[in-house]
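**Q** Pasting input36.cif below, which is mmCIF, C-alpha atoms and all ligand atoms; chains and numbers go by the auth columns.
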```cif
data_model
#
loop_
_atom_site.group_PDB
_atom_site.id
_atom_site.type_symbol
_atom_site.label_atom_id
_atom_site.label_comp_id
_atom_site.label_asym_id
_atom_site.label_seq_id
_atom_site.Cartn_x
_atom_site.Cartn_y
_atom_site.Cartn_z
_atom_site.B_iso_or_equiv
_atom_site.auth_seq_id
_atom_site.auth_asym_id
ATOM 1 C CA MET A 1 -100.322 -32.649 -17.925 0.00 1 G
ATOM 2 C CA ALA A 2 -97.525 -30.302 -18.960 0.00 2 G
ATOM 3 C CA ARG A 3 -94.161 -31.676 -17.950 0.00 3 G
ATOM 4 C CA THR A 4 -91.113 -29.407 -17.970 0.00 4 G
ATOM 5 C CA ARG A 5 -88.811 -30.768 -20.624 0.00 5 G
ATOM 6 C CA PHE A 6 -85.495 -32.083 -19.348 0.00 6 G
ATOM 7 C CA VAL A 7 -82.297 -32.272 -21.405 0.00 7 G
ATOM 8 C CA CYS A 8 -79.201 -33.921 -19.933 0.00 8 G
ATOM 9 C CA GLY A 9 -75.771 -34.078 -21.511 0.00 9 G
ATOM 10 C CA ASN A 10 -73.937 -37.336 -20.825 0.00 10 G
ATOM 11 C CA TRP A 11 -70.262 -36.571 -21.295 0.00 11 G
ATOM 12 C CA LYS A 12 -69.227 -40.221 -20.833 0.00 12 G
ATOM 13 C CA MET A 13 -65.437 -40.619 -20.513 0.00 13 G
ATOM 14 C CA HIS A 14 -64.597 -37.209 -21.939 0.00 14 G
ATOM 15 C CA LYS A 15 -63.169 -33.966 -20.574 0.00 15 G
ATOM 16 C CA THR A 16 -60.394 -33.145 -18.162 0.00 16 G
ATOM 17 C CA GLN A 17 -61.225 -30.593 -15.481 0.00 17 G
ATOM 18 C CA ALA A 18 -59.900 -27.734 -17.600 0.00 18 G
ATOM 19 C CA GLU A 19 -61.834 -28.900 -20.665 0.00 19 G
ATOM 20 C CA ALA A 20 -64.960 -29.338 -18.560 0.00 20 G
ATOM 21 C CA ARG A 21 -64.709 -25.787 -17.191 0.00 21 G
ATOM 22 C CA GLU A 22 -64.277 -24.479 -20.697 0.00 22 G
ATOM 23 C CA LEU A 23 -67.397 -26.277 -21.958 0.00 23 G
ATOM 24 C CA VAL A 24 -69.474 -25.013 -19.018 0.00 24 G
ATOM 25 C CA ARG A 25 -68.240 -21.493 -19.679 0.00 25 G
ATOM 26 C CA ALA A 26 -69.287 -21.720 -23.325 0.00 26 G
ATOM 27 C CA LEU A 27 -72.680 -23.125 -22.344 0.00 27 G
ATOM 28 C CA GLY A 28 -73.281 -20.454 -19.725 0.00 28 G
ATOM 29 C CA ALA A 29 -73.284 -17.561 -22.142 0.00 29 G
ATOM 30 C CA LEU A 30 -75.440 -19.351 -24.687 0.00 30 G
ATOM 31 C CA LEU A 31 -77.909 -20.732 -22.156 0.00 31 G
ATOM 32 C CA ALA A 32 -79.025 -17.511 -20.505 0.00 32 G
ATOM 33 C CA PRO A 33 -82.003 -16.969 -22.850 0.00 33 G
ATOM 34 C CA VAL A 34 -83.470 -20.440 -22.232 0.00 34 G
ATOM 35 C CA ALA A 35 -83.005 -20.436 -18.443 0.00 35 G
ATOM 36 C CA GLY A 36 -86.151 -21.542 -16.679 0.00 36 G
ATOM 37 C CA ARG A 37 -87.919 -22.825 -19.791 0.00 37 G
ATOM 38 C CA VAL A 38 -86.175 -26.176 -20.025 0.00 38 G
ATOM 39 C CA GLN A 39 -84.485 -28.136 -17.244 0.00 39 G
ATOM 40 C CA VAL A 40 -80.857 -28.739 -18.191 0.00 40 G
ATOM 41 C CA ALA A 41 -78.205 -30.938 -16.588 0.00 41 G
ATOM 42 C CA VAL A 42 -74.716 -32.107 -17.473 0.00 42 G
ATOM 43 C CA ALA A 43 -73.108 -35.384 -16.397 0.00 43 G
ATOM 44 C CA PRO A 44 -69.313 -35.094 -16.428 0.00 44 G
ATOM 45 C CA PRO A 45 -67.014 -37.937 -15.362 0.00 45 G
ATOM 46 C CA PHE A 46 -66.513 -38.245 -11.582 0.00 46 G
ATOM 47 C CA THR A 47 -63.113 -36.525 -11.751 0.00 47 G
ATOM 48 C CA ALA A 48 -64.658 -33.347 -13.155 0.00 48 G
ATOM 49 C CA LEU A 49 -67.748 -33.169 -10.919 0.00 49 G
ATOM 50 C CA SER A 50 -66.382 -30.642 -8.480 0.00 50 G
ATOM 51 C CA ALA A 51 -64.785 -28.480 -11.186 0.00 51 G
ATOM 52 C CA VAL A 52 -68.103 -28.424 -13.038 0.00 52 G
ATOM 53 C CA GLN A 53 -70.059 -27.752 -9.872 0.00 53 G
ATOM 54 C CA ALA A 54 -67.894 -24.703 -9.199 0.00 54 G
ATOM 55 C CA ALA A 55 -68.160 -23.545 -12.808 0.00 55 G
ATOM 56 C CA LEU A 56 -71.975 -23.860 -12.700 0.00 56 G
ATOM 57 C CA ALA A 57 -72.339 -21.563 -9.678 0.00 57 G
ATOM 58 C CA GLY A 58 -75.132 -19.090 -10.356 0.00 58 G
ATOM 59 C CA SER A 59 -76.354 -20.967 -13.434 0.00 59 G
ATOM 60 C CA ALA A 60 -79.605 -22.919 -13.750 0.00 60 G
ATOM 61 C CA VAL A 61 -77.773 -25.919 -15.187 0.00 61 G
ATOM 62 C CA GLU A 62 -77.793 -28.855 -12.775 0.00 62 G
ATOM 63 C CA LEU A 63 -75.107 -31.423 -12.058 0.00 63 G
ATOM 64 C CA ALA A 64 -75.565 -35.129 -12.768 0.00 64 G
ATOM 65 C CA ALA A 65 -73.387 -38.195 -12.215 0.00 65 G
ATOM 66 C CA GLN A 66 -73.060 -41.011 -14.740 0.00 66 G
ATOM 67 C CA ASP A 67 -73.387 -43.890 -12.275 0.00 67 G
ATOM 68 C CA VAL A 68 -73.439 -44.728 -8.572 0.00 68 G
ATOM 69 C CA HIS A 69 -72.921 -47.686 -6.245 0.00 69 G
ATOM 70 C CA TRP A 70 -75.866 -48.745 -4.099 0.00 70 G
ATOM 71 C CA GLU A 71 -73.980 -49.096 -0.814 0.00 71 G
ATOM 72 C CA LYS A 72 -73.331 -45.984 1.259 0.00 72 G
ATOM 73 C CA GLN A 73 -69.654 -46.827 1.860 0.00 73 G
ATOM 74 C CA GLY A 74 -67.347 -49.781 2.234 0.00 74 G
ATOM 75 C CA ALA A 75 -64.746 -51.950 0.550 0.00 75 G
ATOM 76 C CA PHE A 76 -65.862 -51.399 -3.055 0.00 76 G
ATOM 77 C CA THR A 77 -62.719 -50.311 -4.870 0.00 77 G
ATOM 78 C CA GLY A 78 -63.399 -47.970 -7.742 0.00 78 G
ATOM 79 C CA GLU A 79 -66.989 -47.184 -6.764 0.00 79 G
ATOM 80 C CA VAL A 80 -68.711 -43.966 -5.680 0.00 80 G
ATOM 81 C CA SER A 81 -71.765 -43.830 -3.393 0.00 81 G
ATOM 82 C CA ALA A 82 -74.951 -41.772 -3.441 0.00 82 G
ATOM 83 C CA PRO A 83 -74.002 -39.743 -0.325 0.00 83 G
ATOM 84 C CA MET A 84 -70.674 -38.938 -2.028 0.00 84 G
ATOM 85 C CA LEU A 85 -72.487 -37.737 -5.144 0.00 85 G
ATOM 86 C CA LEU A 86 -74.769 -35.596 -3.010 0.00 86 G
ATOM 87 C CA ASP A 87 -71.710 -34.157 -1.299 0.00 87 G
ATOM 88 C CA ALA A 88 -70.227 -33.385 -4.746 0.00 88 G
ATOM 89 C CA GLY A 89 -73.326 -31.361 -5.627 0.00 89 G
ATOM 90 C CA CYS A 90 -75.188 -33.824 -7.836 0.00 90 G
ATOM 91 C CA ARG A 91 -78.919 -33.349 -8.293 0.00 91 G
ATOM 92 C CA HIS A 92 -79.315 -36.261 -10.742 0.00 92 G
ATOM 93 C CA ALA A 93 -77.576 -39.534 -11.568 0.00 93 G
ATOM 94 C CA ILE A 94 -77.815 -41.731 -14.642 0.00 94 G
ATOM 95 C CA VAL A 95 -78.270 -45.443 -13.949 0.00 95 G
ATOM 96 C CA GLY A 96 -78.543 -48.464 -16.209 0.00 96 G
ATOM 97 C CA HIS A 97 -76.928 -46.854 -19.231 0.00 97 G
ATOM 98 C CA SER A 98 -76.588 -49.459 -21.977 0.00 98 G
ATOM 99 C CA GLU A 99 -72.798 -49.066 -21.922 0.00 99 G
ATOM 100 C CA ARG A 100 -72.875 -50.041 -18.234 0.00 100 G
ATOM 101 C CA ARG A 101 -75.217 -52.931 -19.029 0.00 101 G
ATOM 102 C CA GLN A 102 -73.198 -54.198 -22.005 0.00 102 G
ATOM 103 C CA LEU A 103 -69.621 -53.525 -20.897 0.00 103 G
ATOM 104 C CA PHE A 104 -69.724 -53.549 -17.091 0.00 104 G
ATOM 105 C CA GLY A 105 -72.274 -56.130 -16.049 0.00 105 G
ATOM 106 C CA GLU A 106 -75.101 -53.801 -14.983 0.00 106 G
ATOM 107 C CA THR A 107 -78.305 -55.773 -14.452 0.00 107 G
ATOM 108 C CA ASP A 108 -81.935 -54.830 -13.825 0.00 108 G
ATOM 109 C CA GLU A 109 -81.354 -55.778 -10.193 0.00 109 G
ATOM 110 C CA THR A 110 -78.339 -53.468 -9.722 0.00 110 G
ATOM 111 C CA VAL A 111 -80.276 -50.684 -11.451 0.00 111 G
ATOM 112 C CA ARG A 112 -83.106 -51.129 -8.946 0.00 112 G
ATOM 113 C CA LYS A 113 -80.702 -50.994 -5.999 0.00 113 G
ATOM 114 C CA LYS A 114 -79.073 -47.858 -7.389 0.00 114 G
ATOM 115 C CA VAL A 115 -82.465 -46.158 -7.839 0.00 115 G
ATOM 116 C CA VAL A 116 -83.320 -46.860 -4.187 0.00 116 G
ATOM 117 C CA ALA A 117 -79.912 -45.605 -2.994 0.00 117 G
ATOM 118 C CA LEU A 118 -80.215 -42.373 -4.969 0.00 118 G
ATOM 119 C CA LEU A 119 -83.767 -41.592 -3.890 0.00 119 G
ATOM 120 C CA GLY A 120 -82.688 -42.274 -0.310 0.00 120 G
ATOM 121 C CA VAL A 121 -80.379 -39.255 -0.395 0.00 121 G
ATOM 122 C CA GLY A 122 -82.614 -37.097 -2.589 0.00 122 G
ATOM 123 C CA ILE A 123 -80.764 -37.506 -5.905 0.00 123 G
ATOM 124 C CA LEU A 124 -83.084 -37.928 -8.876 0.00 124 G
ATOM 125 C CA PRO A 125 -82.371 -41.027 -10.975 0.00 125 G
ATOM 126 C CA ILE A 126 -82.338 -41.064 -14.769 0.00 126 G
ATOM 127 C CA VAL A 127 -83.080 -44.706 -15.535 0.00 127 G
ATOM 128 C CA CYS A 128 -81.891 -45.807 -18.976 0.00 128 G
ATOM 129 C CA VAL A 129 -83.652 -48.558 -20.878 0.00 129 G
ATOM 130 C CA GLY A 130 -83.468 -49.726 -24.467 0.00 130 G
ATOM 131 C CA GLU A 131 -83.363 -52.682 -26.801 0.00 131 G
ATOM 132 C CA THR A 132 -80.499 -53.955 -28.938 0.00 132 G
ATOM 133 C CA LEU A 133 -80.825 -54.203 -32.708 0.00 133 G
ATOM 134 C CA ALA A 134 -81.257 -57.990 -32.483 0.00 134 G
ATOM 135 C CA GLU A 135 -84.070 -57.545 -29.952 0.00 135 G
ATOM 136 C CA ARG A 136 -85.802 -54.977 -32.169 0.00 136 G
ATOM 137 C CA GLU A 137 -85.478 -57.169 -35.240 0.00 137 G
ATOM 138 C CA ALA A 138 -86.922 -60.078 -33.288 0.00 138 G
ATOM 139 C CA GLY A 139 -89.968 -57.933 -32.430 0.00 139 G
ATOM 140 C CA ARG A 140 -89.073 -57.915 -28.736 0.00 140 G
ATOM 141 C CA THR A 141 -88.614 -54.164 -28.177 0.00 141 G
ATOM 142 C CA LEU A 142 -91.635 -53.548 -25.953 0.00 142 G
ATOM 143 C CA GLU A 143 -91.062 -56.737 -23.992 0.00 143 G
ATOM 144 C CA VAL A 144 -87.400 -55.858 -23.264 0.00 144 G
ATOM 145 C CA VAL A 145 -88.024 -52.228 -22.423 0.00 145 G
ATOM 146 C CA GLY A 146 -91.074 -53.155 -20.349 0.00 146 G
ATOM 147 C CA ARG A 147 -89.056 -55.655 -18.344 0.00 147 G
ATOM 148 C CA GLN A 148 -86.275 -53.119 -17.726 0.00 148 G
ATOM 149 C CA VAL A 149 -88.737 -50.472 -16.519 0.00 149 G
ATOM 150 C CA GLN A 150 -90.721 -52.878 -14.379 0.00 150 G
ATOM 151 C CA ASN A 151 -87.634 -54.318 -12.690 0.00 151 G
ATOM 152 C CA ALA A 152 -86.060 -50.907 -12.062 0.00 152 G
ATOM 153 C CA LEU A 153 -89.214 -49.688 -10.331 0.00 153 G
ATOM 154 C CA GLN A 154 -90.103 -52.831 -8.434 0.00 154 G
ATOM 155 C CA GLY A 155 -91.377 -52.027 -4.953 0.00 155 G
ATOM 156 C CA LEU A 156 -91.113 -48.245 -5.380 0.00 156 G
ATOM 157 C CA PRO A 157 -94.024 -46.284 -3.934 0.00 157 G
ATOM 158 C CA ALA A 158 -95.829 -44.033 -6.441 0.00 158 G
ATOM 159 C CA PRO A 159 -94.469 -40.746 -5.004 0.00 159 G
ATOM 160 C CA ASP A 160 -90.952 -42.059 -5.646 0.00 160 G
ATOM 161 C CA VAL A 161 -91.850 -43.101 -9.192 0.00 161 G
ATOM 162 C CA ALA A 162 -92.932 -39.513 -9.844 0.00 162 G
ATOM 163 C CA ARG A 163 -89.361 -38.364 -9.089 0.00 163 G
ATOM 164 C CA LEU A 164 -87.793 -40.533 -11.782 0.00 164 G
ATOM 165 C CA THR A 165 -86.765 -39.751 -15.291 0.00 165 G
ATOM 166 C CA VAL A 166 -86.740 -42.668 -17.708 0.00 166 G
ATOM 167 C CA ALA A 167 -84.424 -42.411 -20.710 0.00 167 G
ATOM 168 C CA TYR A 168 -85.419 -44.573 -23.660 0.00 168 G
ATOM 169 C CA GLU A 169 -82.200 -45.184 -25.559 0.00 169 G
ATOM 170 C CA PRO A 170 -82.341 -47.806 -28.298 0.00 170 G
ATOM 171 C CA VAL A 171 -78.886 -49.387 -28.136 0.00 171 G
ATOM 172 C CA TRP A 172 -78.592 -49.401 -31.935 0.00 172 G
ATOM 173 C CA ALA A 173 -79.011 -45.610 -31.965 0.00 173 G
ATOM 174 C CA ILE A 174 -76.326 -44.745 -29.413 0.00 174 G
ATOM 175 C CA GLY A 175 -73.272 -43.189 -30.979 0.00 175 G
ATOM 176 C CA THR A 176 -74.173 -44.622 -34.376 0.00 176 G
ATOM 177 C CA GLY A 177 -75.751 -41.596 -36.057 0.00 177 G
ATOM 178 C CA LYS A 178 -78.934 -43.677 -36.459 0.00 178 G
ATOM 179 C CA THR A 179 -81.895 -42.157 -34.664 0.00 179 G
ATOM 180 C CA ALA A 180 -85.245 -43.754 -33.946 0.00 180 G
ATOM 181 C CA THR A 181 -87.913 -42.375 -36.258 0.00 181 G
ATOM 182 C CA PRO A 182 -90.593 -40.277 -34.548 0.00 182 G
ATOM 183 C CA ALA A 183 -93.022 -43.196 -34.941 0.00 183 G
ATOM 184 C CA GLN A 184 -90.573 -45.662 -33.377 0.00 184 G
ATOM 185 C CA ALA A 185 -89.815 -43.303 -30.499 0.00 185 G
ATOM 186 C CA GLN A 186 -93.457 -42.472 -29.761 0.00 186 G
ATOM 187 C CA GLU A 187 -94.444 -46.144 -29.850 0.00 187 G
ATOM 188 C CA VAL A 188 -91.944 -47.022 -27.120 0.00 188 G
ATOM 189 C CA HIS A 189 -92.429 -43.829 -25.080 0.00 189 G
ATOM 190 C CA GLY A 190 -96.196 -44.353 -25.167 0.00 190 G
ATOM 191 C CA ALA A 191 -95.753 -47.961 -24.037 0.00 191 G
ATOM 192 C CA ILE A 192 -93.478 -46.862 -21.191 0.00 192 G
ATOM 193 C CA ARG A 193 -96.059 -44.260 -20.097 0.00 193 G
ATOM 194 C CA SER A 194 -98.859 -46.799 -20.035 0.00 194 G
ATOM 195 C CA LEU A 195 -96.726 -49.277 -18.101 0.00 195 G
ATOM 196 C CA LEU A 196 -95.925 -46.500 -15.608 0.00 196 G
ATOM 197 C CA ARG A 197 -99.671 -45.846 -15.267 0.00 197 G
ATOM 198 C CA ASP A 198 -100.241 -49.510 -14.474 0.00 198 G
ATOM 199 C CA LEU A 199 -97.429 -49.466 -11.913 0.00 199 G
ATOM 200 C CA ALA A 200 -97.906 -46.075 -10.284 0.00 200 G
ATOM 201 C CA GLY A 201 -101.216 -44.545 -11.420 0.00 201 G
ATOM 202 C CA GLU A 202 -101.303 -40.764 -11.641 0.00 202 G
ATOM 203 C CA ALA A 203 -97.601 -40.470 -10.787 0.00 203 G
ATOM 204 C CA ALA A 204 -96.907 -41.668 -14.341 0.00 204 G
ATOM 205 C CA GLU A 205 -98.015 -38.298 -15.705 0.00 205 G
ATOM 206 C CA ARG A 206 -95.149 -36.607 -13.860 0.00 206 G
ATOM 207 C CA VAL A 207 -92.341 -38.887 -15.030 0.00 207 G
ATOM 208 C CA ARG A 208 -90.209 -37.356 -17.733 0.00 208 G
ATOM 209 C CA ILE A 209 -89.333 -39.818 -20.476 0.00 209 G
ATOM 210 C CA GLN A 210 -86.236 -38.692 -22.366 0.00 210 G
ATOM 211 C CA TYR A 211 -85.203 -40.013 -25.750 0.00 211 G
ATOM 212 C CA GLY A 212 -81.517 -40.791 -26.264 0.00 212 G
ATOM 213 C CA GLY A 213 -79.489 -42.111 -29.176 0.00 213 G
ATOM 214 C CA SER A 214 -77.837 -39.819 -31.712 0.00 214 G
ATOM 215 C CA VAL A 215 -79.873 -36.774 -30.722 0.00 215 G
ATOM 216 C CA LYS A 216 -78.546 -33.891 -32.823 0.00 216 G
ATOM 217 C CA PRO A 217 -79.573 -30.290 -33.513 0.00 217 G
ATOM 218 C CA ASP A 218 -81.420 -31.368 -36.663 0.00 218 G
ATOM 219 C CA ASN A 219 -83.602 -34.069 -35.098 0.00 219 G
ATOM 220 C CA ALA A 220 -84.094 -32.871 -31.513 0.00 220 G
ATOM 221 C CA ALA A 221 -87.116 -30.608 -32.008 0.00 221 G
ATOM 222 C CA GLU A 222 -89.040 -33.204 -34.005 0.00 222 G
ATOM 223 C CA LEU A 223 -88.445 -35.898 -31.391 0.00 223 G
ATOM 224 C CA MET A 224 -89.281 -33.659 -28.452 0.00 224 G
ATOM 225 C CA ALA A 225 -92.524 -32.541 -30.108 0.00 225 G
ATOM 226 C CA LEU A 226 -93.890 -36.080 -29.663 0.00 226 G
ATOM 227 C CA PRO A 227 -96.513 -36.378 -26.927 0.00 227 G
ATOM 228 C CA ASP A 228 -94.540 -38.710 -24.658 0.00 228 G
ATOM 229 C CA VAL A 229 -91.017 -37.434 -25.355 0.00 229 G
ATOM 230 C CA ASP A 230 -90.190 -35.021 -22.539 0.00 230 G
ATOM 231 C CA GLY A 231 -86.570 -34.290 -23.269 0.00 231 G
ATOM 232 C CA ALA A 232 -83.335 -35.879 -24.354 0.00 232 G
ATOM 233 C CA LEU A 233 -80.288 -37.654 -23.013 0.00 233 G
ATOM 234 C CA VAL A 234 -77.518 -36.462 -25.285 0.00 234 G
ATOM 235 C CA GLY A 235 -74.090 -38.041 -25.702 0.00 235 G
ATOM 236 C CA GLY A 236 -71.778 -36.899 -28.495 0.00 236 G
ATOM 237 C CA ALA A 237 -73.640 -33.689 -29.289 0.00 237 G
ATOM 238 C CA ALA A 238 -73.447 -32.594 -25.631 0.00 238 G
ATOM 239 C CA LEU A 239 -69.674 -32.208 -25.966 0.00 239 G
ATOM 240 C CA LYS A 240 -70.073 -29.230 -28.302 0.00 240 G
ATOM 241 C CA ALA A 241 -71.653 -26.147 -26.743 0.00 241 G
ATOM 242 C CA ASP A 242 -73.313 -24.958 -29.948 0.00 242 G
ATOM 243 C CA ASP A 243 -74.909 -28.324 -30.687 0.00 243 G
ATOM 244 C CA PHE A 244 -76.071 -28.830 -27.121 0.00 244 G
ATOM 245 C CA ILE A 245 -77.656 -25.378 -27.017 0.00 245 G
ATOM 246 C CA GLN A 246 -79.473 -25.980 -30.279 0.00 246 G
ATOM 247 C CA ILE A 247 -80.852 -29.230 -28.871 0.00 247 G
ATOM 248 C CA ILE A 248 -82.000 -27.407 -25.738 0.00 248 G
ATOM 249 C CA ARG A 249 -83.686 -24.777 -27.901 0.00 249 G
ATOM 250 C CA GLY A 250 -85.499 -27.629 -29.644 0.00 250 G
ATOM 251 C CA ALA A 251 -87.027 -28.506 -26.266 0.00 251 G
ATOM 252 C CA ILE A 252 -88.725 -25.135 -25.810 0.00 252 G
ATOM 253 C CA ARG A 253 -92.450 -25.442 -26.356 0.00 253 G
HETATM 254 P P1 LIG B . -75.213 -40.383 -28.327 0.00 301 G
HETATM 255 O O1 LIG B . -75.264 -41.050 -26.850 0.00 301 G
HETATM 256 O O2 LIG B . -76.068 -39.127 -28.238 0.00 301 G
HETATM 257 O O3 LIG B . -73.778 -40.108 -28.583 0.00 301 G
HETATM 258 O O4 LIG B . -75.813 -41.382 -29.255 0.00 301 G
HETATM 259 C C1 LIG B . -76.434 -41.036 -26.091 0.00 301 G
HETATM 260 C C2 LIG B . -76.214 -41.731 -24.782 0.00 301 G
HETATM 261 O O5 LIG B . -75.478 -42.727 -24.752 0.00 301 G
HETATM 262 O O6 LIG B . -76.761 -41.321 -23.743 0.00 301 G
#
```
Here is the file; what I need is its structure written in the form of structure tokens.
**A**
Amino acid sequence: MARTRFVCGNWKMHKTQAEARELVRALGALLAPVAGRVQVAVAPPFTALSAVQAALAGSAVELAAQDVHWEKQGAFTGEVSAPMLLDAGCRHAIVGHSERRQLFGETDETVRKKVVALLGVGILPIVCVGETLAEREAGRTLEVVGRQVQNALQGLPAPDVARLTVAYEPVWAIGTGKTATPAQAQEVHGAIRSLLRDLAGEAAERVRIQYGGSVKPDNAAELMALPDVDGALVGGAALKADDFIQIIRGAIR
């Protein structure tokens, strides 16, 4: 089945509101020719969401958040809820990013709760999974990634699974300039697809599986040509309009 490719820029903790507007402006002009052929989103920090939403008016680029809390509201200092993200104009939200897992105590269980909270308000989750270098070297990649996917999706009905994006991001490739080889990426993406088939049947064919980890203009097209790579989650290269556009062009079939 042909899945529309999906490229999301994860801006992490970068960009003031003014800088964010400037980047969106630069993207807008360059993106016009690819509009409609690739789904594109950007995930600015919470403080720039509304500035970016306003700057995206009339563009096909969609707004994403970088995280969410699973409760709707309450005494959770520093957190932002799914209804708040919806109110801010978000169509997508990243959950389970390895930086959240490694630095901020994100677990498979909190990822699952966040997925449920997002789907409950109609925001589409991008669920990040990936192994560390030590796990890969110990031959545990498929076990670790499989466990992360299975736990994130536990109890989800198949129609909800179809609304997810999974981002396979080997931790050793994030921000390091090291990218998974096409063979390494396809092996894990293929394994994720077959696990999704076991868990959700036909719905698995609709799930986009993005690759993330040092995606750059010179490796994007090769990675996205793989049968089970349906797009990219892009960090560093999403902060430069020219690089991000070239990556998006690499997603056009
Ligand atoms: P990178 O980050 O492209 O800078 O490696 C990817 C990510 O963390 O999503």
**Q** Spell out the residues picked by the PyMOL selection byres (((chain G and resi 26-41) around 7) and not hetatm) here, as a ChimeraX atom specification.
**A** /G:4-9,22-25,42-43,60-64,241,245,251-252
**Q** Report, in Å to a single decimal, how far apart CA of Val127 (chain G) and CA of Ala18 (chain G) are.
**A**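 CA of Val127 (chain G) lies at a distance of 28.8 Å from CA of Ala18 (chain G).
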**Q** From the options G:Gln73, G:Ser81, G:Ser214, G:Asn219, which residue's atoms come nearest to ligand LIG 301 (chain G), counting all atoms listed in the file?
**A** G:Ser214
**Q** Give the residue list for ligand LIG 301 (chain G) at 6 Å, counting all atoms listed in the file, as a PyMOL selection string, sorted by chain and then by residue number.
**A** chain G and resi 10+173-175+212-215+233-236
**Q** Which polymer residues, protein or nucleic acid, are no farther than 12 Å from (-89.3, -41.2, -10.8), counting only C-alpha atoms, as JSON, numbers by chain?
**A** {"G": [92, 93, 112, 115, 116, 118, 119, 122, 123, 124, 125, 126, 127, 128, 149, 152, 153, 154, 156, 157, 158, 159, 160, 161, 162, 163, 164, 165, 166, 167, 193, 196, 199, 200, 203, 204, 205, 206, 207, 208, 209]}
**Q** In Å, how far is it from CA of Leu223 (chain G) to CA of Gly146 (chain G)?
**A**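 Calculated distance between CA of Leu223 (chain G) and CA of Gly146 (chain G) is 20.7 Å.
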**Q** With distances taken over only C-alpha atoms, which residue among G:Thr16, G:Ser194, G:Ser59, G:Thr110 lies nearest Gly96 (chain G)?
**A**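 Nearest candidate to Gly96 (chain G) out of G:Thr16, G:Ser194, G:Ser59, G:Thr110: G:Thr110.
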**Q** Select, from G:Arg140, G:Asp198, G:Ala237, G:Ala221, the residue with the minimum atom-to-atom distance to Gly177 (chain G), counting only C-alpha atoms.
**A**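 Of G:Arg140, G:Asp198, G:Ala237, G:Ala221, the one nearest Gly177 (chain G), counting only C-alpha atoms, is G:Ala237.
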**Q** Expand the PyMOL selection byres (((chain G and resi 182) around 12) and not hetatm) into the individual residues it matches in the shown file, reporting them as a PyMOL selection string.
**A** chain G and resi 179-181+183-190+211+215+219-229
**Q** Store the residues picked out above, limited to C-alpha atoms, as an mmCIF file, in the coordinates of the input.
**A**
```cif
data_model
loop_
_atom_site.group_PDB
_atom_site.id
_atom_site.type_symbol
_atom_site.label_atom_id
_atom_site.label_comp_id
_atom_site.auth_asym_id
_atom_site.auth_seq_id
_atom_site.Cartn_x
_atom_site.Cartn_y
_atom_site.Cartn_z
ATOM 1 C CA THR G 179 -81.895 -42.157 -34.664
ATOM 2 C CA ALA G 180 -85.245 -43.754 -33.946
ATOM 3 C CA THR G 181 -87.913 -42.375 -36.258
ATOM 4 C CA ALA G 183 -93.022 -43.196 -34.941
ATOM 5 C CA GLN G 184 -90.573 -45.662 -33.377
ATOM 6 C CA ALA G 185 -89.815 -43.303 -30.499
ATOM 7 C CA GLN G 186 -93.457 -42.472 -29.761
ATOM 8 C CA GLU G 187 -94.444 -46.144 -29.850
ATOM 9 C CA VAL G 188 -91.944 -47.022 -27.120
ATOM 10 C CA HIS G 189 -92.429 -43.829 -25.080
ATOM 11 C CA GLY G 190 -96.196 -44.353 -25.167
ATOM 12 C CA TYR G 211 -85.203 -40.013 -25.750
ATOM 13 C CA VAL G 215 -79.873 -36.774 -30.722
ATOM 14 C CA ASN G 219 -83.602 -34.069 -35.098
ATOM 15 C CA ALA G 220 -84.094 -32.871 -31.513
ATOM 16 C CA ALA G 221 -87.116 -30.608 -32.008
ATOM 17 C CA GLU G 222 -89.040 -33.204 -34.005
ATOM 18 C CA LEU G 223 -88.445 -35.898 -31.391
ATOM 19 C CA MET G 224 -89.281 -33.659 -28.452
ATOM 20 C CA ALA G 225 -92.524 -32.541 -30.108
ATOM 21 C CA LEU G 226 -93.890 -36.080 -29.663
ATOM 22 C CA PRO G 227 -96.513 -36.378 -26.927
ATOM 23 C CA ASP G 228 -94.540 -38.710 -24.658
ATOM 24 C CA VAL G 229 -91.017 -37.434 -25.355
#
```
**Q** Could you jot down the CA of Leu239 (chain G) to CA of Gly89 (chain G) separation for me, Å, one decimal place?
**A** 20.7 Å
**Q** Check what the PyMOL selection byres (((chain G and resi 51) around 10) and not hetatm) selects in the file above and give those residues as a list in words.
**A**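 Taken over the shown coordinates, the PyMOL selection byres (((chain G and resi 51) around 10) and not hetatm) returns Thr16, Gln17, Ala18, Glu19, Ala20, Arg21, Val24, Pro44, Phe46, Thr47, Ala48, Leu49, Ser50, Val52, Gln53, Ala54, Ala55, Leu56 and Ala88 of chain G.
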**Q** Once 4 Å is added on each side, what are the centre and the three edge lengths, in Å to one decimal, of the axis-aligned box enclosing the listed atoms of region 99-111 of chain G? Present them as AutoDock Vina command-line options.
**A**
```
--center_x -75.8 --center_y -52.6 --center_z -15.9 --size_x 20.3 --size_y 15.1 --size_z 20.3
```
**Q** Counting all atoms listed in the file, figure out which residue out of G:Ala117, G:Ala75, G:Val68, G:Leu133 gets nearest to Ile94 (chain G).
**A**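 Once distances to Ile94 (chain G) are computed over all atoms listed in the file, the minimum belongs to G:Val68.
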**Q** Go through G:Lys216, G:Arg147, G:Arg3, G:Lys178 and flag the residue nearest Ile192 (chain G), using all atoms listed in the file for the distances.
**A**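 Once distances to Ile192 (chain G) are computed over all atoms listed in the file, the minimum belongs to G:Arg147.
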**Q** Would you please work out which residue, of G:Val129, G:Val144, G:Ala65, G:Val95, is nearest to Lys113 (chain G) when using all atoms listed in the file?
**A**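 Going through G:Val129, G:Val144, G:Ala65, G:Val95 one by one, the smallest distance to Lys113 (chain G) is for G:Val95.
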**Q** Need to verify the contact set: Asn151 (chain G), 9 Å, only C-alpha atoms, exclusion of same-chain residues closer than 6 positions in sequence. Can you return it as a ChimeraX atom specification?
**A** /G:108-109,111-112
